[in-house]
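Just start_5.cif here, mmCIF, C-alpha atoms and all ligand atoms:
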data_protein
loop_
_atom_site.group_PDB
_atom_site.id
_atom_site.type_symbol
_atom_site.label_atom_id
_atom_site.label_comp_id
_atom_site.auth_asym_id
_atom_site.auth_seq_id
_atom_site.Cartn_x
_atom_site.Cartn_y
_atom_site.Cartn_z
ATOM 1 C CA GLU C 233 10.160 -11.320 14.819
ATOM 2 C CA GLU C 234 9.629 -10.729 11.136
ATOM 3 C CA ASN C 235 7.018 -8.036 11.472
ATOM 4 C CA GLU C 236 8.676 -6.081 14.262
ATOM 5 C CA PRO C 237 9.934 -2.652 13.219
ATOM 6 C CA GLN C 238 13.687 -2.991 13.576
ATOM 7 C CA ILE C 239 14.256 0.723 13.320
ATOM 8 C CA VAL C 240 12.552 3.819 14.627
ATOM 9 C CA ARG C 241 12.924 7.516 13.974
ATOM 10 C CA GLY C 242 15.974 8.841 15.847
ATOM 11 C CA GLU C 243 17.318 12.211 16.916
ATOM 12 C CA ALA C 244 17.980 14.829 14.246
ATOM 13 C CA PRO C 245 21.270 13.781 12.675
ATOM 14 C CA GLU C 246 24.325 16.012 12.474
ATOM 15 C CA PHE C 247 26.003 15.787 9.095
ATOM 16 C CA GLU C 248 29.370 17.389 8.575
ATOM 17 C CA ASP C 249 29.523 18.490 4.967
ATOM 18 C CA GLY C 250 26.353 20.484 4.486
ATOM 19 C CA LEU C 251 22.926 19.241 3.441
ATOM 20 C CA ILE C 252 22.464 15.703 2.195
ATOM 21 C CA GLN C 253 20.838 15.696 -1.225
ATOM 22 C CA ILE C 254 17.955 13.228 -1.373
ATOM 23 C CA GLY C 255 16.046 12.408 -4.538
ATOM 24 C CA LEU C 256 12.634 10.855 -3.897
ATOM 25 C CA ILE C 257 10.754 9.205 -6.753
ATOM 26 C CA GLN C 258 7.106 8.894 -5.713
ATOM 27 C CA THR C 259 4.377 6.920 -7.515
ATOM 28 C CA GLY C 260 1.828 9.723 -7.847
ATOM 29 C CA LYS C 261 -1.320 10.762 -6.023
ATOM 30 C CA GLU C 262 -3.500 7.694 -6.548
ATOM 31 C CA SER C 263 -4.835 7.378 -2.987
ATOM 32 C CA ASP C 264 -5.119 8.922 0.471
ATOM 33 C CA TRP C 265 -2.551 6.358 1.642
ATOM 34 C CA ARG C 266 -0.170 7.929 -0.863
ATOM 35 C CA ASP C 267 -0.879 11.479 0.350
ATOM 36 C CA ALA C 268 -0.075 10.452 3.933
ATOM 37 C CA ASN C 269 3.099 8.754 2.702
ATOM 38 C CA THR C 270 4.241 11.817 0.711
ATOM 39 C CA GLU C 271 3.533 14.181 3.595
ATOM 40 C CA ASP C 272 5.599 11.965 5.890
ATOM 41 C CA TYR C 273 8.608 12.270 3.534
ATOM 42 C CA LEU C 274 8.153 16.036 3.141
ATOM 43 C CA ASN C 275 8.033 16.439 6.939
ATOM 44 C CA THR C 276 11.029 14.185 7.564
ATOM 45 C CA PHE C 277 13.570 15.228 4.937
ATOM 46 C CA VAL C 278 13.641 18.931 5.839
ATOM 47 C CA GLU C 279 16.570 21.343 5.930
ATOM 48 C CA GLU C 280 16.453 21.611 9.719
ATOM 49 C CA ARG C 281 17.240 17.898 9.855
ATOM 50 C CA GLY C 282 20.105 18.255 7.378
ATOM 51 C CA TYR C 283 18.496 17.407 4.046
ATOM 52 C CA ASN C 284 17.629 18.922 0.733
ATOM 53 C CA LEU C 285 14.779 16.866 -0.703
ATOM 54 C CA ILE C 286 14.149 16.736 -4.438
ATOM 55 C CA TYR C 287 10.655 15.314 -4.711
ATOM 56 C CA VAL C 288 9.567 13.841 -8.034
ATOM 57 C CA ASP C 289 5.900 12.961 -8.561
ATOM 58 C CA GLY C 290 5.792 9.926 -10.858
ATOM 59 C CA ASN C 291 2.298 10.918 -11.989
ATOM 60 C CA SER C 292 1.309 7.245 -12.100
ATOM 61 C CA SER C 293 3.699 6.780 -15.046
ATOM 62 C CA PRO C 294 6.386 4.067 -14.773
ATOM 63 C CA ASP C 295 8.314 5.693 -17.652
ATOM 64 C CA ARG C 296 8.345 9.034 -15.906
ATOM 65 C CA GLN C 297 9.696 7.352 -12.774
ATOM 66 C CA ILE C 298 12.567 5.758 -14.660
ATOM 67 C CA LYS C 299 13.405 9.026 -16.396
ATOM 68 C CA ALA C 300 13.435 10.665 -12.949
ATOM 69 C CA MET C 301 16.098 8.217 -11.803
ATOM 70 C CA TYR C 302 18.379 9.227 -14.700
ATOM 71 C CA ASP C 303 17.723 12.914 -13.921
ATOM 72 C CA LEU C 304 18.612 12.449 -10.256
ATOM 73 C CA ILE C 305 21.799 10.607 -11.206
ATOM 74 C CA GLN C 306 22.752 13.530 -13.416
ATOM 75 C CA GLN C 307 22.057 15.939 -10.560
ATOM 76 C CA LYS C 308 24.523 13.882 -8.474
ATOM 77 C CA VAL C 309 22.238 13.511 -5.472
ATOM 78 C CA ASP C 310 23.658 11.644 -2.466
ATOM 79 C CA TYR C 311 20.797 9.121 -2.200
ATOM 80 C CA ILE C 312 17.900 8.037 -4.368
ATOM 81 C CA ILE C 313 14.758 6.806 -2.646
ATOM 82 C CA VAL C 314 12.484 5.034 -5.083
ATOM 83 C CA GLN C 315 8.895 4.062 -4.412
ATOM 84 C CA PRO C 316 8.206 2.218 -7.645
ATOM 85 C CA ILE C 317 4.813 1.999 -9.316
ATOM 86 C CA VAL C 318 5.658 -1.356 -10.909
ATOM 87 C CA GLU C 319 8.392 -3.899 -10.210
ATOM 88 C CA THR C 320 9.811 -4.156 -13.716
ATOM 89 C CA GLY C 321 11.792 -1.914 -16.046
ATOM 90 C CA TRP C 322 14.392 -0.713 -13.540
ATOM 91 C CA ASP C 323 17.492 -2.706 -14.602
ATOM 92 C CA ASP C 324 19.299 -0.094 -16.694
ATOM 93 C CA ALA C 325 18.510 2.897 -14.487
ATOM 94 C CA ILE C 326 19.633 1.089 -11.325
ATOM 95 C CA GLU C 327 22.773 -0.073 -13.093
ATOM 96 C CA LYS C 328 23.532 3.540 -13.962
ATOM 97 C CA ALA C 329 22.972 4.620 -10.317
ATOM 98 C CA ASN C 330 25.331 1.842 -9.183
ATOM 99 C CA GLN C 331 28.003 2.929 -11.658
ATOM 100 C CA SER C 332 27.632 6.496 -10.428
ATOM 101 C CA GLY C 333 28.045 5.356 -6.830
ATOM 102 C CA ILE C 334 24.637 6.651 -5.730
ATOM 103 C CA PRO C 335 22.962 4.392 -3.163
ATOM 104 C CA VAL C 336 19.383 3.446 -4.032
ATOM 105 C CA ILE C 337 16.894 2.817 -1.234
ATOM 106 C CA VAL C 338 13.651 1.123 -2.271
ATOM 107 C CA ALA C 339 10.529 1.735 -0.192
ATOM 108 C CA ASP C 340 6.860 0.713 -0.237
ATOM 109 C CA ARG C 341 6.582 -1.489 -3.371
ATOM 110 C CA GLN C 342 9.553 -3.475 -4.658
ATOM 111 C CA ILE C 343 11.627 -3.682 -7.815
ATOM 112 C CA LYS C 344 12.641 -6.836 -9.628
ATOM 113 C CA VAL C 345 16.432 -6.584 -9.757
ATOM 114 C CA ASP C 346 19.195 -8.463 -7.975
ATOM 115 C CA GLU C 347 19.142 -7.289 -4.363
ATOM 116 C CA SER C 348 22.833 -6.366 -4.541
ATOM 117 C CA LYS C 349 21.768 -3.437 -6.757
ATOM 118 C CA TYR C 350 20.006 -1.546 -3.977
ATOM 119 C CA VAL C 351 20.871 -0.828 -0.358
ATOM 120 C CA THR C 352 17.674 -1.918 1.321
ATOM 121 C CA TRP C 353 13.913 -2.229 0.930
ATOM 122 C CA ILE C 354 11.458 -0.942 3.539
ATOM 123 C CA GLY C 355 7.742 -1.646 3.346
ATOM 124 C CA SER C 356 4.867 -3.963 4.124
ATOM 125 C CA ASP C 357 4.396 -7.698 3.765
ATOM 126 C CA PHE C 358 1.625 -7.451 1.171
ATOM 127 C CA HIS C 359 1.184 -11.208 0.824
ATOM 128 C CA GLU C 360 0.641 -11.440 4.563
ATOM 129 C CA GLU C 361 -1.914 -8.608 4.326
ATOM 130 C CA GLY C 362 -3.865 -10.599 1.725
ATOM 131 C CA LYS C 363 -3.868 -13.636 4.006
ATOM 132 C CA LYS C 364 -5.078 -11.518 6.909
ATOM 133 C CA ALA C 365 -8.082 -10.375 4.857
ATOM 134 C CA ILE C 366 -9.077 -13.978 4.219
ATOM 135 C CA LYS C 367 -8.509 -14.963 7.822
ATOM 136 C CA TRP C 368 -10.783 -12.121 8.932
ATOM 137 C CA LEU C 369 -13.478 -13.300 6.491
ATOM 138 C CA GLU C 370 -13.191 -16.925 7.619
ATOM 139 C CA ASN C 371 -13.579 -15.939 11.270
ATOM 140 C CA TYR C 372 -16.523 -13.686 10.496
ATOM 141 C CA LEU C 373 -18.344 -16.419 8.567
ATOM 142 C CA THR C 374 -17.656 -19.003 11.257
ATOM 143 C CA GLU C 375 -18.961 -16.689 13.988
ATOM 144 C CA ASN C 376 -22.121 -16.189 11.957
ATOM 145 C CA GLY C 377 -22.618 -19.874 11.159
ATOM 146 C CA ARG C 378 -22.059 -19.227 7.454
ATOM 147 C CA SER C 379 -18.788 -21.016 6.774
ATOM 148 C CA LYS C 380 -20.500 -23.740 4.675
ATOM 149 C CA ASP C 381 -22.646 -21.326 2.632
ATOM 150 C CA PRO C 382 -21.816 -20.607 -1.009
ATOM 151 C CA LEU C 383 -20.066 -17.248 -1.329
ATOM 152 C CA ASN C 384 -19.756 -15.070 -4.424
ATOM 153 C CA ILE C 385 -16.759 -12.753 -4.220
ATOM 154 C CA VAL C 386 -15.819 -9.631 -6.169
ATOM 155 C CA VAL C 387 -12.181 -8.497 -6.074
ATOM 156 C CA LEU C 388 -11.128 -4.936 -6.907
ATOM 157 C CA GLU C 389 -7.471 -5.076 -7.857
ATOM 158 C CA GLY C 390 -4.765 -2.463 -7.507
ATOM 159 C CA THR C 391 -2.313 -1.438 -10.218
ATOM 160 C CA GLU C 392 -1.100 -4.298 -12.373
ATOM 161 C CA GLY C 393 2.572 -5.084 -11.734
ATOM 162 C CA ALA C 394 2.651 -3.252 -8.374
ATOM 163 C CA THR C 395 3.959 -5.299 -5.442
ATOM 164 C CA ALA C 396 1.082 -4.160 -3.221
ATOM 165 C CA ALA C 397 -1.413 -5.545 -5.743
ATOM 166 C CA ILE C 398 0.573 -8.707 -6.541
ATOM 167 C CA GLY C 399 1.137 -9.666 -2.896
ATOM 168 C CA ARG C 400 -2.395 -8.963 -1.740
ATOM 169 C CA ALA C 401 -3.875 -10.758 -4.769
ATOM 170 C CA GLU C 402 -1.765 -13.844 -4.054
ATOM 171 C CA GLY C 403 -2.784 -13.946 -0.398
ATOM 172 C CA ILE C 404 -6.445 -13.515 -1.350
ATOM 173 C CA ALA C 405 -6.325 -16.073 -4.183
ATOM 174 C CA GLU C 406 -4.673 -18.724 -2.000
ATOM 175 C CA GLY C 407 -7.372 -18.217 0.611
ATOM 176 C CA ILE C 408 -10.196 -18.401 -1.909
ATOM 177 C CA ALA C 409 -8.755 -21.552 -3.507
ATOM 178 C CA ALA C 410 -8.881 -23.287 -0.120
ATOM 179 C CA HIS C 411 -12.700 -23.024 -0.045
ATOM 180 C CA ASP C 412 -14.758 -25.140 -2.461
ATOM 181 C CA ASN C 413 -17.892 -23.123 -1.682
ATOM 182 C CA TRP C 414 -16.277 -19.766 -2.543
ATOM 183 C CA LYS C 415 -16.340 -18.379 -6.053
ATOM 184 C CA VAL C 416 -14.860 -15.255 -7.649
ATOM 185 C CA VAL C 417 -17.611 -13.731 -9.795
ATOM 186 C CA ALA C 418 -15.514 -10.735 -10.912
ATOM 187 C CA SER C 419 -11.937 -9.593 -10.431
ATOM 188 C CA GLU C 420 -11.077 -6.276 -12.090
ATOM 189 C CA CYS C 421 -8.280 -3.725 -11.909
ATOM 190 C CA ALA C 422 -9.186 -0.259 -10.603
ATOM 191 C CA ASN C 423 -5.630 1.056 -10.155
ATOM 192 C CA PHE C 424 -5.959 1.902 -6.452
ATOM 193 C CA THR C 425 -8.077 5.013 -7.212
ATOM 194 C CA GLN C 426 -11.483 5.968 -5.864
ATOM 195 C CA GLY C 427 -12.730 7.107 -9.268
ATOM 196 C CA GLU C 428 -11.910 3.796 -10.912
ATOM 197 C CA GLY C 429 -13.233 1.931 -7.886
ATOM 198 C CA GLN C 430 -16.582 3.500 -8.665
ATOM 199 C CA SER C 431 -16.539 3.102 -12.454
ATOM 200 C CA VAL C 432 -15.239 -0.486 -12.327
ATOM 201 C CA MET C 433 -17.882 -1.412 -9.749
ATOM 202 C CA GLU C 434 -20.551 0.173 -11.964
ATOM 203 C CA GLU C 435 -19.359 -2.039 -14.850
ATOM 204 C CA ILE C 436 -19.417 -5.123 -12.645
ATOM 205 C CA LEU C 437 -22.958 -4.314 -11.497
ATOM 206 C CA GLY C 438 -23.946 -3.958 -15.138
ATOM 207 C CA LYS C 439 -23.077 -7.638 -15.635
ATOM 208 C CA THR C 440 -23.681 -9.182 -12.220
ATOM 209 C CA ASP C 441 -26.768 -8.511 -10.162
ATOM 210 C CA ALA C 442 -25.895 -6.996 -6.762
ATOM 211 C CA ASP C 443 -28.027 -9.725 -5.130
ATOM 212 C CA LYS C 444 -25.515 -12.294 -6.451
ATOM 213 C CA ILE C 445 -22.562 -10.614 -4.718
ATOM 214 C CA ASP C 446 -21.821 -11.661 -1.129
ATOM 215 C CA VAL C 447 -18.366 -10.174 -0.560
ATOM 216 C CA ILE C 448 -16.281 -7.360 -2.023
ATOM 217 C CA ILE C 449 -12.548 -7.456 -1.310
ATOM 218 C CA SER C 450 -10.844 -4.285 -2.477
ATOM 219 C CA GLU C 451 -7.050 -4.048 -2.567
ATOM 220 C CA ASN C 452 -7.232 -0.585 -1.004
ATOM 221 C CA ASP C 453 -9.662 1.631 0.914
ATOM 222 C CA ASN C 454 -10.116 4.274 -1.771
ATOM 223 C CA MET C 455 -11.358 1.750 -4.351
ATOM 224 C CA ILE C 456 -13.970 0.434 -1.919
ATOM 225 C CA PHE C 457 -15.103 3.994 -1.127
ATOM 226 C CA GLY C 458 -15.692 4.424 -4.865
ATOM 227 C CA ALA C 459 -17.438 1.044 -5.052
ATOM 228 C CA MET C 460 -19.783 2.167 -2.254
ATOM 229 C CA LYS C 461 -21.065 4.972 -4.487
ATOM 230 C CA ALA C 462 -21.778 2.474 -7.281
ATOM 231 C CA LEU C 463 -23.581 0.180 -4.833
ATOM 232 C CA GLU C 464 -25.683 3.066 -3.555
ATOM 233 C CA GLN C 465 -26.649 4.072 -7.101
ATOM 234 C CA ALA C 466 -27.700 0.472 -7.735
ATOM 235 C CA GLY C 467 -29.720 0.437 -4.522
ATOM 236 C CA ALA C 468 -27.568 -2.410 -3.147
ATOM 237 C CA SER C 469 -27.282 -3.042 0.559
ATOM 238 C CA TYR C 470 -23.742 -3.372 1.926
ATOM 239 C CA GLY C 471 -21.597 -3.206 5.051
ATOM 240 C CA PRO C 472 -22.328 -4.377 8.611
ATOM 241 C CA ASN C 473 -25.629 -2.451 8.473
ATOM 242 C CA GLY C 474 -26.507 -4.119 5.162
ATOM 243 C CA ARG C 475 -25.838 -7.351 3.279
ATOM 244 C CA ILE C 476 -22.624 -7.417 1.193
ATOM 245 C CA ILE C 477 -19.483 -8.063 3.255
ATOM 246 C CA MET C 478 -16.966 -5.271 2.584
ATOM 247 C CA ILE C 479 -13.199 -5.706 3.162
ATOM 248 C CA SER C 480 -10.336 -3.440 2.107
ATOM 249 C CA PHE C 481 -6.728 -2.506 2.886
ATOM 250 C CA ASP C 482 -4.833 0.511 4.311
ATOM 251 C CA ALA C 483 -6.919 1.406 7.400
ATOM 252 C CA LEU C 484 -7.228 5.095 6.569
ATOM 253 C CA GLY C 485 -9.014 7.467 8.938
ATOM 254 C CA GLU C 486 -11.925 7.455 6.510
ATOM 255 C CA ALA C 487 -12.075 3.644 6.659
ATOM 256 C CA PHE C 488 -12.526 3.937 10.429
ATOM 257 C CA GLN C 489 -15.396 6.387 9.819
ATOM 258 C CA LYS C 490 -16.998 3.931 7.391
ATOM 259 C CA MET C 491 -16.568 1.002 9.786
ATOM 260 C CA MET C 492 -18.211 3.039 12.555
ATOM 261 C CA ALA C 493 -21.013 4.036 10.173
ATOM 262 C CA GLY C 494 -21.769 0.361 9.395
ATOM 263 C CA LYS C 495 -20.582 0.572 5.768
ATOM 264 C CA LEU C 496 -17.263 -1.286 5.918
ATOM 265 C CA HIS C 497 -16.568 -4.551 7.723
ATOM 266 C CA ALA C 498 -12.778 -4.585 7.981
ATOM 267 C CA SER C 499 -9.645 -2.843 6.788
ATOM 268 C CA ILE C 500 -6.256 -4.543 6.822
ATOM 269 C CA GLU C 501 -3.701 -1.994 7.942
ATOM 270 C CA CYS C 502 -0.858 -0.870 5.692
ATOM 271 C CA ASN C 503 1.411 1.717 7.280
ATOM 272 C CA PRO C 504 2.330 4.648 4.977
ATOM 273 C CA LEU C 505 4.723 6.239 7.469
ATOM 274 C CA LEU C 506 7.974 4.907 6.038
ATOM 275 C CA ALA C 507 10.134 8.057 6.025
ATOM 276 C CA GLY C 508 11.429 7.665 9.592
ATOM 277 C CA ASN C 509 12.768 4.208 8.808
ATOM 278 C CA VAL C 510 14.244 5.404 5.515
ATOM 279 C CA GLU C 511 15.953 8.245 7.356
ATOM 280 C CA GLN C 512 17.364 5.826 9.913
ATOM 281 C CA VAL C 513 18.895 3.788 7.097
ATOM 282 C CA ILE C 514 20.509 6.932 5.667
ATOM 283 C CA MET C 515 21.849 7.904 9.100
ATOM 284 C CA ASP C 516 23.302 4.414 9.521
ATOM 285 C CA LEU C 517 24.927 4.536 6.093
ATOM 286 C CA GLU C 518 26.422 7.947 6.890
ATOM 287 C CA ALA C 519 27.798 6.494 10.119
ATOM 288 C CA GLY C 520 29.157 3.405 8.347
ATOM 289 C CA ILE C 521 26.746 1.051 10.099
ATOM 290 C CA ALA C 522 25.609 -1.973 8.054
ATOM 291 C CA VAL C 523 21.899 -2.099 7.211
ATOM 292 C CA ASP C 524 19.653 -5.085 6.477
ATOM 293 C CA LYS C 525 18.202 -5.832 3.027
ATOM 294 C CA LYS C 526 14.583 -5.882 4.175
ATOM 295 C CA TYR C 527 12.596 -4.054 6.812
ATOM 296 C CA TYR C 528 8.932 -4.918 7.305
ATOM 297 C CA THR C 529 6.575 -2.504 9.055
ATOM 298 C CA ARG C 530 4.295 -3.693 11.847
ATOM 299 C CA GLU C 531 0.592 -3.761 10.985
ATOM 300 C CA SER C 532 -2.781 -4.751 12.442
ATOM 301 C CA VAL C 533 -6.308 -5.548 11.305
ATOM 302 C CA TYR C 534 -9.263 -3.369 12.282
ATOM 303 C CA ASP C 535 -12.968 -4.040 11.888
ATOM 304 C CA TYR C 536 -16.368 -2.531 12.623
ATOM 305 C CA THR C 537 -16.393 -4.036 16.113
ATOM 306 C CA ASN C 538 -13.280 -2.203 17.316
ATOM 307 C CA ALA C 539 -12.975 0.857 15.031
ATOM 308 C CA ALA C 540 -14.505 3.226 17.611
ATOM 309 C CA GLN C 541 -11.986 2.071 20.184
ATOM 310 C CA TYR C 542 -8.959 2.907 17.982
ATOM 311 C CA ILE C 543 -10.036 5.850 15.840
ATOM 312 C CA ASP C 544 -8.546 8.493 18.167
ATOM 313 C CA GLU C 545 -5.082 6.903 17.982
ATOM 314 C CA ARG C 546 -4.975 6.930 14.205
ATOM 315 C CA VAL C 547 -2.527 9.346 12.589
ATOM 316 C CA TYR C 548 -3.409 8.960 8.891
HETATM 317 O O1 LIG H 1 -2.240 0.315 -0.365
HETATM 318 C C1 LIG H 1 -2.566 2.053 -1.908
HETATM 319 C C2 LIG H 1 -1.589 2.929 -2.561
HETATM 320 O O2 LIG H 1 1.759 0.635 -2.414
HETATM 321 C C3 LIG H 1 1.033 0.054 -0.248
HETATM 322 O O3 LIG H 1 -0.541 2.031 -2.899
HETATM 323 C C4 LIG H 1 0.882 0.963 -1.392
HETATM 324 C C5 LIG H 1 -0.519 1.026 -1.944
HETATM 325 C C6 LIG H 1 -1.638 1.380 -0.979
HETATM 326 O O4 LIG H 1 -2.033 3.699 -3.542
HETATM 327 O O5 LIG H 1 -3.613 2.720 -1.292
#

Just dump the structure as structure tokens.
Amino acid sequence: EENEPQIVRGEAPEFEDGLIQIGLIQTGKESDWRDANTEDYLNTFVEERGYNLIYVDGNSSPDRQIKAMYDLIQQKVDYIIVQPIVETGWDDAIEKANQSGIPVIVADRQIKVDESKYVTWIGSDFHEEGKKAIKWLENYLTENGRSKDPLNIVVLEGTEGATAAIGRAEGIAEGIAAHDNWKVVASECANFTQGEGQSVMEEILGKTDADKIDVIISENDNMIFGAMKALEQAGASYGPNGRIIMISFDALGEAFQKMMAGKLHASIECNPLLAGNVEQVIMDLEAGIAVDKKYYTRESVYDYTNAAQYIDERVY
């Protein structure tokens, strides 16, 4: 099964020659998904489990991330975990890590280099997530007898060049293209942040009347939370208790609150808890066990009809 988690967090490992030096290159602090993801790494790669973690905040700067890889190589860490902001620009730095014999593990978003250059990639099937958003919308419209109605869609995009944005956008675009009665009235980048979600939505509402918007698909939860503020300022009615259909990605705790409050229709889950699987890969490598090139995390879809049922189980 492609979406089954092949690996789970194991027992605390016992390493023979002291602490394992791990360098983690993070994207930044763009979203609550990211905070949950960072915390998971900080809780997993602790001294008690045999690690010394060097955490580098990429500050939303691809250049800073690449510089961090050279720094970590110079520090002779045992492993580099990279969670890239964008897919491109990594060739030389990865080459240098390879030459230095430092294994590179890629997690969350991907990098565009030959897959022989890194050990493994662990993350979500973003394209599939995009398709799930469309499938949810199709079902919702069918159930409400609206599948033939014209539909004006606004898309809030994540960071340009980021796998999460590319994959979701492709899944969404394919779905939209399959419907002659659906039209994209605006598609703008808001970099996965709540602040830009709000300001970009304000700009869109400056050009397009809220009454002309039927659906907002946001490539993460935080951007749609920001968009909600812009809609409120414009006096627009949205969510299950209102008119505009609201769909986003991540399934944060706050998204569950919004679904229960009638402000968000659906959130396509993206699991930020990747550290356990990354640790398992490192344990396998230490034990000389071969690892796969790709590990997908298992994910669901939640909506306003079942949010109350699941909210207590949510851990991020
Ligand atoms: O959806 C978004 C975050 O790369 C999957 O990045 C991640 C995305 C996530 O900032 O909220």

For this session: Could you tell me how far CA of Asn275 in chain C lies from CA of Gly485 in chain C, in Å and to one decimal?
Result: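 Between CA of Asn275 in chain C and CA of Gly485 in chain C the gap works out to 19.4 Å.
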
For this session: Check the smallest atom-to-atom distance from each of C:Asp453, C:Glu511, C:Asp295, C:Asp264 to Tyr311 in chain C using only C-alpha atoms, then report the winner.
Result: C:Glu511

Exercise. Which value, in Å to one decimal, gives the distance between CA of Thr352 in chain C and CA of Phe481 in chain C?
Worked result: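 Pair CA of Thr352 in chain C / CA of Phe481 in chain C returns 24.5 Å.
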
Any chance you could tabulate, as CSV, the residues of chain C at most 6 Å from ligand LIG 1 (chain H) with each one's nearest atom pair and distance in Å to one decimal, using all atoms listed in the file, in chain and rising number order?
residue,atom,partner,partner_atom,distance
C:Glu262,CA,H:LIG1,O4,5.2
C:Ser263,CA,H:LIG1,O4,4.7
C:Trp265,CA,H:LIG1,O5,4.8
C:Arg266,CA,H:LIG1,O4,5.3
C:Asp340,CA,H:LIG1,O2,5.5
C:Arg341,CA,H:LIG1,O2,5.4
C:Ala396,CA,H:LIG1,O2,4.9
C:Phe424,CA,H:LIG1,O4,5.2
C:Asn452,CA,H:LIG1,O5,4.9
C:Asp482,CA,H:LIG1,O1,5.4

Exercise. If you apply the PyMOL selection byres (((chain C and resi 335) around 12) and not hetatm) to this file, what residues do you get, as a PyMOL selection string?
Worked result: chain C and resi 253-255+301+304-305+308-314+326-334+336-338+348-353+513-514+517-518

Exercise. What gap, in Å, lies between CA of Val533 in chain C and CA of Ala498 in chain C?
Worked result: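 CA of Ala498 in chain C lies at a distance of 7.3 Å from CA of Val533 in chain C.
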
For this session: For Ser419 in chain C, please output as a list in words all residues within 8 Å (counting all atoms listed in the file; exclusion window: fewer than 2 positions along the same chain).
Result: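 Surrounding residues, per the criterion: Val386, Val387, Leu388, Glu389, Val416, Val417 and Cys421 of chain C.
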
Problem set entry | Target residues per the PyMOL selection byres (((chain C and resi 363-375) around 8) and not hetatm), formatted as JSON, numbers by chain | {"C": [359, 360, 361, 362, 376, 377, 378, 379, 400, 403, 404, 406, 407, 408, 479, 480, 498, 499, 500, 533]}

Save the residues we just selected, C-alpha atoms, as an mmCIF file, in the coordinates of the input?
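The resulting file, part.cif, is reproduced below:
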data_model
loop_
_atom_site.group_PDB
_atom_site.id
_atom_site.type_symbol
_atom_site.label_atom_id
_atom_site.label_comp_id
_atom_site.auth_asym_id
_atom_site.auth_seq_id
_atom_site.Cartn_x
_atom_site.Cartn_y
_atom_site.Cartn_z
ATOM 1 C CA HIS C 359 1.184 -11.208 0.824
ATOM 2 C CA GLU C 360 0.641 -11.440 4.563
ATOM 3 C CA GLU C 361 -1.914 -8.608 4.326
ATOM 4 C CA GLY C 362 -3.865 -10.599 1.725
ATOM 5 C CA ASN C 376 -22.121 -16.189 11.957
ATOM 6 C CA GLY C 377 -22.618 -19.874 11.159
ATOM 7 C CA ARG C 378 -22.059 -19.227 7.454
ATOM 8 C CA SER C 379 -18.788 -21.016 6.774
ATOM 9 C CA ARG C 400 -2.395 -8.963 -1.740
ATOM 10 C CA GLY C 403 -2.784 -13.946 -0.398
ATOM 11 C CA ILE C 404 -6.445 -13.515 -1.350
ATOM 12 C CA GLU C 406 -4.673 -18.724 -2.000
ATOM 13 C CA GLY C 407 -7.372 -18.217 0.611
ATOM 14 C CA ILE C 408 -10.196 -18.401 -1.909
ATOM 15 C CA ILE C 479 -13.199 -5.706 3.162
ATOM 16 C CA SER C 480 -10.336 -3.440 2.107
ATOM 17 C CA ALA C 498 -12.778 -4.585 7.981
ATOM 18 C CA SER C 499 -9.645 -2.843 6.788
ATOM 19 C CA ILE C 500 -6.256 -4.543 6.822
ATOM 20 C CA VAL C 533 -6.308 -5.548 11.305
#

Exercise. Closest to Ile448 in chain C among C:Ala540, C:Met492, C:Met515, C:Leu383, using only C-alpha atoms?
Worked result: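 Using only C-alpha atoms, the shortest distance to Ile448 in chain C belongs to C:Leu383.
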
For this session: Fewer than 5 positions away in the same chain doesn't count, so skip those; otherwise give me all residues within 12 Å of Ala418 in chain C, counting all atoms listed in the file, as a VMD selection string.
Result: chain C and resid 384 to 389 432 to 433 435 to 442 444 to 450

Exercise. Which one of C:Gln426, C:Thr529, C:Gln342, C:Ser431 sits closest to Ala397 in chain C if you count all atoms listed in the file?
Worked result: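 For Ala397 in chain C, the nearest of the given residues is C:Gln342.
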
Residues picked by the PyMOL selection byres (((chain C and resi 251) around 6) and not hetatm) here, as a tab-separated table (two decimals) with C-alpha atoms, in the frame of the given file?
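The result, stored in out25.tsv:
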chain	number	residue	atom	x	y	z
C	250	GLY	CA	26.35	20.48	4.49
C	252	ILE	CA	22.46	15.70	2.19
C	282	GLY	CA	20.10	18.26	7.38
C	283	TYR	CA	18.50	17.41	4.05
C	284	ASN	CA	17.63	18.92	0.73

Problem set entry | Counting all atoms listed in the file, the residue of C:Gly355, C:Gly429, C:Gly458, C:Pro294 that sits nearest Glu319 in chain C |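 The closest residue to Glu319 in chain C is C:Pro294.
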
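Each of C:Tyr542, C:Trp322, C:Tyr287, C:Phe457 was compared to Tyr470 in chain C using all atoms listed in the file, and C:Phe457 turns out to be the nearest.
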
Exercise. Counting only C-alpha atoms, which of C:Gln541, C:Gln430, C:Thr276, C:Asn291 gets nearest to Met460 in chain C?
Worked result: C:Gln430

For this session: Determine, counting all atoms listed in the file, which protein, DNA and RNA residues have an atom within 12 Å of an atom of Val547 in chain C; residues of the same chain fewer than 3 positions away are not included. Present the result as a list in words.
Result: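 Residues meeting the cut-off are Trp265, Ala268, Asn269, Glu271, Asp272, Ala483, Leu484, Gly485, Glu486, Phe488, Asn503, Pro504, Leu505, Tyr542, Ile543 and Asp544 of chain C.
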